[in-house]
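Okay, start_6.cif now, which holds mmCIF, C-alpha atoms:
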```
data_upload
#
loop_
_atom_site.group_PDB
_atom_site.id
_atom_site.type_symbol
_atom_site.label_atom_id
_atom_site.label_comp_id
_atom_site.auth_asym_id
_atom_site.auth_seq_id
_atom_site.Cartn_x
_atom_site.Cartn_y
_atom_site.Cartn_z
ATOM 1 C CA MET A 10 177.763 102.100 98.878
ATOM 2 C CA LEU A 11 176.239 105.527 99.491
ATOM 3 C CA GLU A 12 179.647 107.221 99.644
ATOM 4 C CA ALA A 13 180.623 105.782 96.241
ATOM 5 C CA SER A 14 177.286 106.815 94.738
ATOM 6 C CA ARG A 15 177.671 110.368 95.964
ATOM 7 C CA GLN A 16 181.179 110.527 94.490
ATOM 8 C CA TRP A 17 179.805 109.396 91.109
ATOM 9 C CA ARG A 18 177.142 112.069 91.367
ATOM 10 C CA ARG A 19 179.739 114.745 92.125
ATOM 11 C CA GLU A 20 181.446 113.653 88.924
ATOM 12 C CA GLY A 21 178.185 114.065 87.005
ATOM 13 C CA LEU A 22 177.799 110.343 86.278
ATOM 14 C CA THR A 23 174.407 108.685 85.943
ATOM 15 C CA ILE A 24 173.769 105.507 87.937
ATOM 16 C CA GLY A 25 171.695 102.497 86.921
ATOM 17 C CA LEU A 26 170.701 99.915 89.530
ATOM 18 C CA VAL A 27 169.726 96.313 88.788
ATOM 19 C CA PRO A 28 168.276 94.755 91.967
ATOM 20 C CA THR A 29 168.640 90.954 92.083
ATOM 21 C CA MET A 30 168.547 88.076 94.543
ATOM 22 C CA GLY A 31 171.468 86.405 92.801
ATOM 23 C CA ALA A 32 171.434 83.063 90.955
ATOM 24 C CA LEU A 33 171.851 85.232 87.888
ATOM 25 C CA HIS A 34 170.567 84.173 84.474
ATOM 26 C CA ALA A 35 170.163 85.725 81.024
ATOM 27 C CA GLY A 36 167.132 87.699 82.168
ATOM 28 C CA HIS A 37 169.204 89.541 84.758
ATOM 29 C CA LEU A 38 172.010 90.065 82.274
ATOM 30 C CA SER A 39 169.622 91.605 79.738
ATOM 31 C CA LEU A 40 168.724 94.193 82.383
ATOM 32 C CA THR A 41 172.373 94.952 83.090
ATOM 33 C CA ALA A 42 172.948 95.419 79.348
ATOM 34 C CA GLU A 43 170.098 97.920 79.159
ATOM 35 C CA ALA A 44 171.414 99.689 82.263
ATOM 36 C CA ARG A 45 174.833 99.938 80.618
ATOM 37 C CA ARG A 46 173.343 101.524 77.490
ATOM 38 C CA GLU A 47 171.582 104.194 79.513
ATOM 39 C CA ASN A 48 173.987 104.992 82.365
ATOM 40 C CA ALA A 49 177.636 105.759 82.996
ATOM 41 C CA ILE A 50 177.696 103.564 86.120
ATOM 42 C CA VAL A 51 175.929 100.234 86.625
ATOM 43 C CA VAL A 52 175.387 98.779 90.101
ATOM 44 C CA VAL A 53 173.970 95.280 90.627
ATOM 45 C CA SER A 54 172.626 94.489 94.076
ATOM 46 C CA VAL A 55 172.636 90.859 95.212
ATOM 47 C CA PHE A 56 170.516 90.263 98.287
ATOM 48 C CA VAL A 57 168.156 87.406 99.095
ATOM 49 C CA ASN A 58 165.605 89.449 100.996
ATOM 50 C CA PRO A 59 164.244 87.454 103.944
ATOM 51 C CA ILE A 60 161.237 89.661 104.625
ATOM 52 C CA GLN A 61 159.640 89.014 101.232
ATOM 53 C CA PHE A 62 159.451 85.282 101.949
ATOM 54 C CA GLY A 63 156.487 84.025 103.943
ATOM 55 C CA PRO A 64 156.362 81.133 106.433
ATOM 56 C CA GLY A 65 156.986 77.850 104.645
ATOM 57 C CA GLU A 66 158.379 79.527 101.514
ATOM 58 C CA ASP A 67 161.791 78.766 100.060
ATOM 59 C CA PHE A 68 164.072 81.359 101.675
ATOM 60 C CA GLU A 69 166.542 78.808 103.036
ATOM 61 C CA ARG A 70 166.795 76.811 99.817
ATOM 62 C CA TYR A 71 166.496 79.718 97.369
ATOM 63 C CA PRO A 72 169.239 79.200 94.732
ATOM 64 C CA ARG A 73 172.501 80.860 95.712
ATOM 65 C CA ASP A 74 175.716 80.725 93.683
ATOM 66 C CA PRO A 75 177.838 83.744 94.656
ATOM 67 C CA ALA A 76 181.002 82.560 92.897
ATOM 68 C CA ARG A 77 179.200 82.083 89.561
ATOM 69 C CA ASP A 78 177.363 85.376 90.004
ATOM 70 C CA ALA A 79 180.619 87.207 90.680
ATOM 71 C CA GLU A 80 182.250 85.710 87.580
ATOM 72 C CA GLN A 81 179.311 86.631 85.351
ATOM 73 C CA LEU A 82 179.317 90.206 86.626
ATOM 74 C CA ARG A 83 183.092 90.437 86.206
ATOM 75 C CA LEU A 84 182.835 89.304 82.588
ATOM 76 C CA ILE A 85 180.215 91.912 81.682
ATOM 77 C CA GLY A 86 182.066 94.709 83.410
ATOM 78 C CA ILE A 87 179.752 95.891 86.183
ATOM 79 C CA ASP A 88 181.058 98.952 88.029
ATOM 80 C CA ALA A 89 179.959 97.818 91.488
ATOM 81 C CA VAL A 90 178.193 94.927 93.193
ATOM 82 C CA TYR A 91 176.263 95.751 96.350
ATOM 83 C CA ARG A 92 175.984 92.705 98.637
ATOM 84 C CA PRO A 93 174.609 93.920 101.962
ATOM 85 C CA ALA A 94 174.397 91.545 104.890
ATOM 86 C CA VAL A 95 170.998 90.827 106.388
ATOM 87 C CA ASP A 96 171.920 92.532 109.682
ATOM 88 C CA VAL A 97 172.989 95.628 107.742
ATOM 89 C CA MET A 98 169.698 95.829 105.884
ATOM 90 C CA TYR A 99 167.644 94.922 108.940
ATOM 91 C CA PRO A 100 169.504 95.760 112.152
ATOM 92 C CA PRO A 101 168.275 94.165 115.375
ATOM 93 C CA GLY A 102 165.004 95.786 116.375
ATOM 94 C CA SER A 103 164.236 96.963 112.825
ATOM 95 C CA SER A 104 160.449 97.184 112.493
ATOM 96 C CA THR A 105 159.642 99.615 109.668
ATOM 97 C CA ARG A 106 157.899 98.205 106.605
ATOM 98 C CA VAL A 107 156.729 99.947 103.435
ATOM 99 C CA HIS A 108 153.192 99.126 102.310
ATOM 100 C CA VAL A 109 151.945 100.076 98.834
ATOM 101 C CA ALA A 110 148.172 99.835 99.017
ATOM 102 C CA GLY A 111 145.982 98.767 96.112
ATOM 103 C CA VAL A 112 148.185 97.216 93.475
ATOM 104 C CA SER A 113 149.990 95.039 96.046
ATOM 105 C CA GLU A 114 146.811 93.381 97.314
ATOM 106 C CA PRO A 115 145.347 91.065 94.610
ATOM 107 C CA LEU A 116 146.886 87.942 93.031
ATOM 108 C CA GLU A 117 150.486 87.668 94.280
ATOM 109 C CA GLY A 118 149.601 89.883 97.230
ATOM 110 C CA ALA A 119 146.733 87.601 98.227
ATOM 111 C CA ALA A 120 148.697 84.414 97.545
ATOM 112 C CA ARG A 121 151.772 85.601 99.458
ATOM 113 C CA PRO A 122 150.675 87.884 102.339
ATOM 114 C CA GLY A 123 153.388 90.375 103.255
ATOM 115 C CA HIS A 124 155.449 89.624 100.151
ATOM 116 C CA PHE A 125 155.076 93.038 98.556
ATOM 117 C CA ASP A 126 155.683 94.834 101.852
ATOM 118 C CA GLY A 127 159.026 93.037 101.868
ATOM 119 C CA VAL A 128 159.684 94.001 98.252
ATOM 120 C CA ALA A 129 158.728 97.649 98.768
ATOM 121 C CA THR A 130 160.841 97.883 101.925
ATOM 122 C CA VAL A 131 163.996 96.413 100.420
ATOM 123 C CA VAL A 132 163.640 98.451 97.209
ATOM 124 C CA THR A 133 163.270 101.640 99.250
ATOM 125 C CA LYS A 134 166.433 100.768 101.190
ATOM 126 C CA LEU A 135 168.348 99.924 98.008
ATOM 127 C CA PHE A 136 167.330 103.241 96.468
ATOM 128 C CA ALA A 137 168.525 105.037 99.610
ATOM 129 C CA ALA A 138 171.888 103.217 99.555
ATOM 130 C CA VAL A 139 172.634 103.523 95.825
ATOM 131 C CA GLU A 140 170.737 106.716 94.847
ATOM 132 C CA PRO A 141 170.225 105.506 91.260
ATOM 133 C CA ASP A 142 168.913 107.604 88.412
ATOM 134 C CA ARG A 143 167.263 104.513 86.941
ATOM 135 C CA ALA A 144 166.376 101.058 88.277
ATOM 136 C CA TYR A 145 165.726 97.978 86.146
ATOM 137 C CA PHE A 146 163.151 95.251 86.728
ATOM 138 C CA GLY A 147 161.916 92.346 84.596
ATOM 139 C CA GLN A 148 158.465 92.020 83.063
ATOM 140 C CA LYS A 149 158.204 88.434 84.322
ATOM 141 C CA ASP A 150 157.563 89.897 87.774
ATOM 142 C CA ALA A 151 154.979 92.297 86.386
ATOM 143 C CA GLN A 152 153.084 92.919 89.619
ATOM 144 C CA GLN A 153 156.327 93.605 91.445
ATOM 145 C CA ALA A 154 157.254 96.174 88.803
ATOM 146 C CA ALA A 155 153.820 97.785 89.136
ATOM 147 C CA VAL A 156 154.238 97.974 92.922
ATOM 148 C CA VAL A 157 157.647 99.628 92.556
ATOM 149 C CA LYS A 158 156.301 102.122 90.013
ATOM 150 C CA ARG A 159 153.492 103.076 92.393
ATOM 151 C CA LEU A 160 155.971 103.335 95.280
ATOM 152 C CA VAL A 161 158.186 105.723 93.310
ATOM 153 C CA ARG A 162 155.240 107.791 92.121
ATOM 154 C CA ASP A 163 153.556 108.080 95.502
ATOM 155 C CA LEU A 164 156.731 108.962 97.423
ATOM 156 C CA ASP A 165 158.156 111.255 94.712
ATOM 157 C CA LEU A 166 161.373 109.242 94.586
ATOM 158 C CA PRO A 167 163.782 110.575 91.925
ATOM 159 C CA VAL A 168 164.239 107.212 90.195
ATOM 160 C CA GLU A 169 163.081 106.194 86.717
ATOM 161 C CA ILE A 170 161.753 102.632 86.656
ATOM 162 C CA ARG A 171 162.636 100.644 83.562
ATOM 163 C CA VAL A 172 160.943 97.300 82.854
ATOM 164 C CA GLY A 173 162.768 94.916 80.523
ATOM 165 C CA PRO A 174 161.013 92.209 78.486
ATOM 166 C CA THR A 175 160.750 88.665 79.788
ATOM 167 C CA VAL A 176 163.588 86.472 78.558
ATOM 168 C CA ARG A 177 162.431 82.983 77.594
ATOM 169 C CA GLU A 178 163.806 79.549 76.783
ATOM 170 C CA ALA A 179 163.283 78.153 73.274
ATOM 171 C CA ASP A 180 160.004 76.506 74.347
ATOM 172 C CA GLY A 181 158.728 79.739 75.879
ATOM 173 C CA LEU A 182 159.411 79.096 79.570
ATOM 174 C CA ALA A 183 160.254 82.372 81.291
ATOM 175 C CA LEU A 184 163.724 82.383 82.838
ATOM 176 C CA SER A 185 163.623 82.234 86.619
ATOM 177 C CA SER A 186 166.098 81.290 89.311
ATOM 178 C CA ARG A 187 163.459 78.864 90.605
ATOM 179 C CA ASN A 188 163.579 76.876 87.347
ATOM 180 C CA ALA A 189 166.598 75.151 88.890
ATOM 181 C CA TYR A 190 164.208 73.302 91.209
ATOM 182 C CA LEU A 191 162.466 71.498 88.324
ATOM 183 C CA SER A 192 163.123 67.850 87.510
ATOM 184 C CA PRO A 193 163.379 66.988 83.778
ATOM 185 C CA GLU A 194 159.720 65.890 83.753
ATOM 186 C CA GLU A 195 158.637 69.012 85.615
ATOM 187 C CA ARG A 196 160.718 71.197 83.324
ATOM 188 C CA GLN A 197 158.790 69.819 80.349
ATOM 189 C CA ALA A 198 155.477 70.398 82.139
ATOM 190 C CA ALA A 199 156.477 73.979 82.995
ATOM 191 C CA ALA A 200 156.200 74.908 79.314
ATOM 192 C CA SER A 201 152.426 74.795 79.866
ATOM 193 C CA LEU A 202 152.552 78.313 81.356
ATOM 194 C CA SER A 203 153.832 79.967 78.211
ATOM 195 C CA SER A 204 151.705 77.679 76.049
ATOM 196 C CA ALA A 205 148.581 78.849 77.902
ATOM 197 C CA LEU A 206 149.548 82.496 77.501
ATOM 198 C CA ARG A 207 150.264 81.939 73.809
ATOM 199 C CA SER A 208 146.828 80.329 73.372
ATOM 200 C CA ALA A 209 145.146 83.365 74.902
ATOM 201 C CA ALA A 210 147.195 85.755 72.749
ATOM 202 C CA ASP A 211 146.224 83.764 69.652
ATOM 203 C CA ALA A 212 142.553 83.914 70.669
ATOM 204 C CA PHE A 213 142.800 87.667 71.181
ATOM 205 C CA ALA A 214 144.459 88.080 67.765
ATOM 206 C CA ALA A 215 141.594 86.077 66.233
ATOM 207 C CA GLY A 216 139.082 88.540 67.667
ATOM 208 C CA GLU A 217 138.172 87.200 71.107
ATOM 209 C CA ARG A 218 137.583 90.084 73.528
ATOM 210 C CA SER A 219 135.642 88.480 76.372
ATOM 211 C CA PRO A 220 137.791 88.457 79.525
ATOM 212 C CA GLN A 221 135.914 85.390 80.710
ATOM 213 C CA GLN A 222 136.640 83.473 77.507
ATOM 214 C CA LEU A 223 140.291 84.522 77.466
ATOM 215 C CA ARG A 224 140.624 83.447 81.081
ATOM 216 C CA LYS A 225 138.936 80.123 80.238
ATOM 217 C CA THR A 226 141.397 79.570 77.384
ATOM 218 C CA ILE A 227 144.294 79.925 79.802
ATOM 219 C CA TRP A 228 142.766 77.684 82.465
ATOM 220 C CA THR A 229 141.879 74.974 79.935
ATOM 221 C CA ARG A 230 145.442 74.718 78.667
ATOM 222 C CA LEU A 231 146.951 74.700 82.143
ATOM 223 C CA GLU A 232 144.541 72.110 83.472
ATOM 224 C CA ALA A 233 145.452 69.819 80.590
ATOM 225 C CA GLU A 234 148.918 69.447 82.136
ATOM 226 C CA PRO A 235 148.767 66.716 84.819
ATOM 227 C CA LEU A 236 151.671 68.144 86.841
ATOM 228 C CA ALA A 237 150.263 71.679 86.929
ATOM 229 C CA ARG A 238 148.260 72.996 89.886
ATOM 230 C CA VAL A 239 146.835 76.389 88.998
ATOM 231 C CA GLU A 240 146.795 79.023 91.741
ATOM 232 C CA TYR A 241 145.395 81.757 89.540
ATOM 233 C CA ALA A 242 144.962 82.643 85.883
ATOM 234 C CA GLU A 243 143.470 86.053 85.229
ATOM 235 C CA VAL A 244 143.343 88.863 82.679
ATOM 236 C CA VAL A 245 143.963 92.155 84.459
ATOM 237 C CA ASP A 246 144.855 95.807 84.123
ATOM 238 C CA PRO A 247 148.678 96.132 84.270
ATOM 239 C CA GLU A 248 148.551 99.071 86.684
ATOM 240 C CA THR A 249 145.952 97.846 89.191
ATOM 241 C CA PHE A 250 146.177 94.068 88.683
ATOM 242 C CA ARG A 251 142.408 93.834 88.794
ATOM 243 C CA SER A 252 140.031 92.817 86.018
ATOM 244 C CA PRO A 253 139.275 93.773 83.343
ATOM 245 C CA GLY A 254 142.437 94.336 81.350
ATOM 246 C CA LEU A 255 144.729 92.854 78.736
ATOM 247 C CA LEU A 256 147.570 91.459 80.824
ATOM 248 C CA ALA A 257 147.233 87.691 81.241
ATOM 249 C CA VAL A 258 148.864 86.575 84.480
ATOM 250 C CA VAL A 259 149.334 83.072 85.841
ATOM 251 C CA ALA A 260 150.726 81.391 88.946
ATOM 252 C CA VAL A 261 151.138 77.628 88.762
ATOM 253 C CA ARG A 262 152.781 74.973 90.889
ATOM 254 C CA ILE A 263 154.709 72.373 88.945
ATOM 255 C CA GLY A 264 155.458 69.751 91.545
ATOM 256 C CA ALA A 265 156.724 71.724 94.536
ATOM 257 C CA THR A 266 157.899 74.677 92.447
ATOM 258 C CA ARG A 267 155.784 77.792 92.145
ATOM 259 C CA LEU A 268 156.168 79.640 88.831
ATOM 260 C CA ILE A 269 154.623 82.862 87.543
ATOM 261 C CA ASP A 270 154.368 84.367 84.065
ATOM 262 C CA ASN A 271 152.406 86.987 82.152
ATOM 263 C CA HIS A 272 151.809 88.404 78.688
ATOM 264 C CA ASP A 273 150.105 91.443 77.186
ATOM 265 C CA LEU A 274 147.427 89.833 75.005
ATOM 266 C CA SER A 275 147.383 92.738 72.580
ATOM 267 C CA LYS A 276 150.898 91.713 71.496
ATOM 268 C CA GLU A 277 152.028 88.657 69.591
ATOM 269 C CA PHE A 278 153.566 86.041 71.841
ATOM 270 C CA PRO A 279 157.339 85.910 71.182
ATOM 271 C CA GLY A 280 158.980 82.992 69.432
#
```

Show me, as structure tokens, the structure contained in the file I just sent.
Amino acid sequence: MLEASRQWRREGLTIGLVPTMGALHAGHLSLTAEARRENAIVVVSVFVNPIQFGPGEDFERYPRDPARDAEQLRLIGIDAVYRPAVDVMYPPGSSTRVHVAGVSEPLEGAARPGHFDGVATVVTKLFAAVEPDRAYFGQKDAQQAAVVKRLVRDLDLPVEIRVGPTVREADGLALSSRNAYLSPEERQAAASLSSALRSAADAFAAGERSPQQLRKTIWTRLEAEPLARVEYAEVVDPETFRSPGLLAVVAVRIGATRLIDNHDLSKEFPG
């Protein structure tokens, strides 16, 4: 991959990278479309990163559909797909991990110890292999995007980080590869995440400014859904992921499936 990237650079071509774990959906494709608008070359990486999954998480059953992914990428005209093997990314004896202190520690960092070290490590390796001018991440994974921004800033990496808006179903559910786990009943219950965020945005638009009240609004809506088990629901700063702030963030288990979502309360909820 690096040899191809360096050839593109010699030709004066800009490179956009869209990192994915496969099981592609419209959210991923919206990022590739933005990358195409802004770069001469678009590279999509497909790699289910084992070191960002903790013990008991869903690494083995994480959705994988390489044939469908390949067809989707062929149809939209991607210049290159980077599919490294696990033993290429992490050779035997590999022990180096990248830790981004601060922003990686609350919420998702506390709920999934080691997760963001895995994210920061694989992103660093992808940047080294592809040498992109720009890299594209989705707003649904807002804390991940904040971690990557801090990583790039702190290490002076020559990559612009672009964050694309969350793509949602008609009922507001954020697109996620893990949505495939949901039964029909669970899929209906999963709409409670976006409904809770919408309720908080409506309260903010009506003049509510108390972080405690906004947080309560979110919790109340989520707890009204019998299938929902709330892990956290907070209103945080989008750079530090600590309170206070205006970014509402939630993590909820619907059945066995863990879903996350977020919304900037100062903006109208879409749809």

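Take the candidates A:Val258, A:Leu268, A:Ala242, A:Ala79 and check each one against Leu33 (chain A) using all atoms listed in the file; the shortest distance goes to A:Ala79.
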
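Of note, CA of Leu84 (chain A) and CA of Pro72 (chain A) are spaced 20.8 Å apart.
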
- prompt: Closest to Val161 (chain A) among A:Ala144, A:Asp273, A:Ser14, A:Asp126, using all atoms listed in the file?
  reply: A:Ala144

Please list as a short mmCIF file (atom, residue, chain, number, x, y, z; two decimals) with C-alpha atoms, in the coordinates of the input every residue within 7 Å of Ala129 (chain A), counting all atoms listed in the file and excluding residues in the same chain fewer than 5 positions away.
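Okay, out.cif is ready:
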```cif
data_model
loop_
_atom_site.label_atom_id
_atom_site.label_comp_id
_atom_site.auth_asym_id
_atom_site.auth_seq_id
_atom_site.Cartn_x
_atom_site.Cartn_y
_atom_site.Cartn_z
CA VAL A 107 156.73 99.95 103.44
CA HIS A 108 153.19 99.13 102.31
CA VAL A 157 157.65 99.63 92.56
#
```

message: Nearest residue to Ala198 (chain A) out of A:Met10, A:Leu231, A:Ala212, A:Val172, using only C-alpha atoms?
response: A:Leu231

Around all the atoms of region 85-91 of chain A listed in the file, draw an axis-aligned box and extend it by 8 Å on each of the six sides; I want its centre and edge lengths in Å to one decimal, as JSON.
```
{"center_x": 179.2, "center_y": 95.4, "center_z": 89.0, "size_x": 21.8, "size_y": 23.0, "size_z": 30.7}
```

message: Counting all atoms listed in the file, find residues at most 6 Å from (149.1, 76.4, 88.6) (file frame) and give them as a PyMOL selection string.
response: chain A and resi 237-240+260-262

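The list of residues with at least one atom within 9 Å of Pro115 (chain A), based on only C-alpha atoms and without residues fewer than 4 positions apart in the same chain, reads Gly111, Ala119, Ala120, Thr249, Phe250 and Arg251 of chain A.
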
message: Give me, as a ChimeraX atom specification, all polymer residues having an atom no more than 12 Å from Gly21 (chain A), counting all atoms listed in the file and skipping those fewer than 4 positions away in the same chain.
response: /A:14-17,48-50,142

Include C-alpha atoms and write out the residues we just selected as an mmCIF file, in the frame of the given file.
```
data_model
loop_
_atom_site.group_PDB
_atom_site.id
_atom_site.type_symbol
_atom_site.label_atom_id
_atom_site.label_comp_id
_atom_site.auth_asym_id
_atom_site.auth_seq_id
_atom_site.Cartn_x
_atom_site.Cartn_y
_atom_site.Cartn_z
ATOM 1 C CA SER A 14 177.286 106.815 94.738
ATOM 2 C CA ARG A 15 177.671 110.368 95.964
ATOM 3 C CA GLN A 16 181.179 110.527 94.490
ATOM 4 C CA TRP A 17 179.805 109.396 91.109
ATOM 5 C CA ASN A 48 173.987 104.992 82.365
ATOM 6 C CA ALA A 49 177.636 105.759 82.996
ATOM 7 C CA ILE A 50 177.696 103.564 86.120
ATOM 8 C CA ASP A 142 168.913 107.604 88.412
#
```

Result set of the PyMOL selection byres ((chain A and resi 185) around 10) on the coordinates above, as a VMD selection string: chain A and resid 32 to 37 149 to 150 175 to 177 182 to 184 186 to 189 268 to 270

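Closest to Gly173 (chain A) among A:Thr41, A:Ser54, A:Ser192, A:Thr130 is A:Thr41, based on all atoms listed in the file.
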
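Nearest to Val112 (chain A) of all the residues A:Val90, A:Val245, A:Ala76, A:Ile227 is A:Val245, based on all atoms listed in the file.
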
message: When you count only C-alpha atoms, which of these residues is closest to Ala154 (chain A): A:Leu38, A:Leu166, A:Val128, A:Ala233?
response: A:Val128

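CA of Val109 (chain A) is positioned 18.9 Å from CA of Gln148 (chain A).
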
query: Could you write out as a ChimeraX atom specification the residues that the PyMOL selection byres ((chain A and resi 141) around 12) matches in the shown file?
result: /A:10-11,13-15,17-18,22-28,44,47-54,132-140,142-145,166-171

query: Suppose you want the space between CA of Lys225 (chain A) and CA of Gln197 (chain A); what is it in Å?
result: 22.4 Å

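Within a radius of 6 Å around (151.6, 83.7, 70.2), the polymer residues are Arg207, Ala210, Asp211, Glu277 and Phe278 of chain A, counting only C-alpha atoms.
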
For region 212-229 of chain A, supply N, CA and C atoms and format the output as a PDB file, in the frame of the given file.
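Final output, result.pdb:
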```
ATOM      1  N   ALA A 212     143.998  83.687  70.653  1.00  0.00           N
ATOM      2  CA  ALA A 212     142.553  83.914  70.669  1.00  0.00           C
ATOM      3  C   ALA A 212     142.228  85.401  70.562  1.00  0.00           C
ATOM      4  N   PHE A 213     143.004  86.214  71.250  1.00  0.00           N
ATOM      5  CA  PHE A 213     142.800  87.667  71.181  1.00  0.00           C
ATOM      6  C   PHE A 213     143.055  88.160  69.757  1.00  0.00           C
ATOM      7  N   ALA A 214     144.131  87.673  69.134  1.00  0.00           N
ATOM      8  CA  ALA A 214     144.459  88.080  67.765  1.00  0.00           C
ATOM      9  C   ALA A 214     143.372  87.652  66.783  1.00  0.00           C
ATOM     10  N   ALA A 215     142.673  86.561  67.102  1.00  0.00           N
ATOM     11  CA  ALA A 215     141.594  86.077  66.233  1.00  0.00           C
ATOM     12  C   ALA A 215     140.274  86.796  66.484  1.00  0.00           C
ATOM     13  N   GLY A 216     140.266  87.727  67.447  1.00  0.00           N
ATOM     14  CA  GLY A 216     139.082  88.540  67.667  1.00  0.00           C
ATOM     15  C   GLY A 216     138.373  88.355  68.989  1.00  0.00           C
ATOM     16  N   GLU A 217     138.826  87.408  69.814  1.00  0.00           N
ATOM     17  CA  GLU A 217     138.172  87.200  71.107  1.00  0.00           C
ATOM     18  C   GLU A 217     138.458  88.380  72.044  1.00  0.00           C
ATOM     19  N   ARG A 218     137.408  88.947  72.638  1.00  0.00           N
ATOM     20  CA  ARG A 218     137.583  90.084  73.528  1.00  0.00           C
ATOM     21  C   ARG A 218     136.967  89.850  74.910  1.00  0.00           C
ATOM     22  N   SER A 219     136.269  88.747  75.086  1.00  0.00           N
ATOM     23  CA  SER A 219     135.642  88.480  76.372  1.00  0.00           C
ATOM     24  C   SER A 219     136.697  88.081  77.404  1.00  0.00           C
ATOM     25  N   PRO A 220     136.825  88.854  78.491  1.00  0.00           N
ATOM     26  CA  PRO A 220     137.791  88.457  79.525  1.00  0.00           C
ATOM     27  C   PRO A 220     137.528  87.063  80.072  1.00  0.00           C
ATOM     28  N   GLN A 221     136.244  86.707  80.183  1.00  0.00           N
ATOM     29  CA  GLN A 221     135.914  85.390  80.710  1.00  0.00           C
ATOM     30  C   GLN A 221     136.390  84.276  79.770  1.00  0.00           C
ATOM     31  N   GLN A 222     136.210  84.488  78.470  1.00  0.00           N
ATOM     32  CA  GLN A 222     136.640  83.473  77.507  1.00  0.00           C
ATOM     33  C   GLN A 222     138.163  83.383  77.431  1.00  0.00           C
ATOM     34  N   LEU A 223     138.827  84.527  77.491  1.00  0.00           N
ATOM     35  CA  LEU A 223     140.291  84.522  77.466  1.00  0.00           C
ATOM     36  C   LEU A 223     140.833  83.817  78.709  1.00  0.00           C
ATOM     37  N   ARG A 224     140.224  84.110  79.841  1.00  0.00           N
ATOM     38  CA  ARG A 224     140.624  83.447  81.081  1.00  0.00           C
ATOM     39  C   ARG A 224     140.381  81.942  80.972  1.00  0.00           C
ATOM     40  N   LYS A 225     139.246  81.546  80.397  1.00  0.00           N
ATOM     41  CA  LYS A 225     138.936  80.123  80.238  1.00  0.00           C
ATOM     42  C   LYS A 225     139.954  79.438  79.340  1.00  0.00           C
ATOM     43  N   THR A 226     140.390  80.131  78.283  1.00  0.00           N
ATOM     44  CA  THR A 226     141.397  79.570  77.384  1.00  0.00           C
ATOM     45  C   THR A 226     142.674  79.239  78.146  1.00  0.00           C
ATOM     46  N   ILE A 227     143.073  80.143  79.019  1.00  0.00           N
ATOM     47  CA  ILE A 227     144.294  79.925  79.802  1.00  0.00           C
ATOM     48  C   ILE A 227     144.117  78.750  80.756  1.00  0.00           C
ATOM     49  N   TRP A 228     143.025  78.748  81.501  1.00  0.00           N
ATOM     50  CA  TRP A 228     142.766  77.684  82.465  1.00  0.00           C
ATOM     51  C   TRP A 228     142.707  76.318  81.781  1.00  0.00           C
ATOM     52  N   THR A 229     142.042  76.251  80.628  1.00  0.00           N
ATOM     53  CA  THR A 229     141.879  74.974  79.935  1.00  0.00           C
ATOM     54  C   THR A 229     143.225  74.381  79.567  1.00  0.00           C
TER      55      THR A 229
END
```
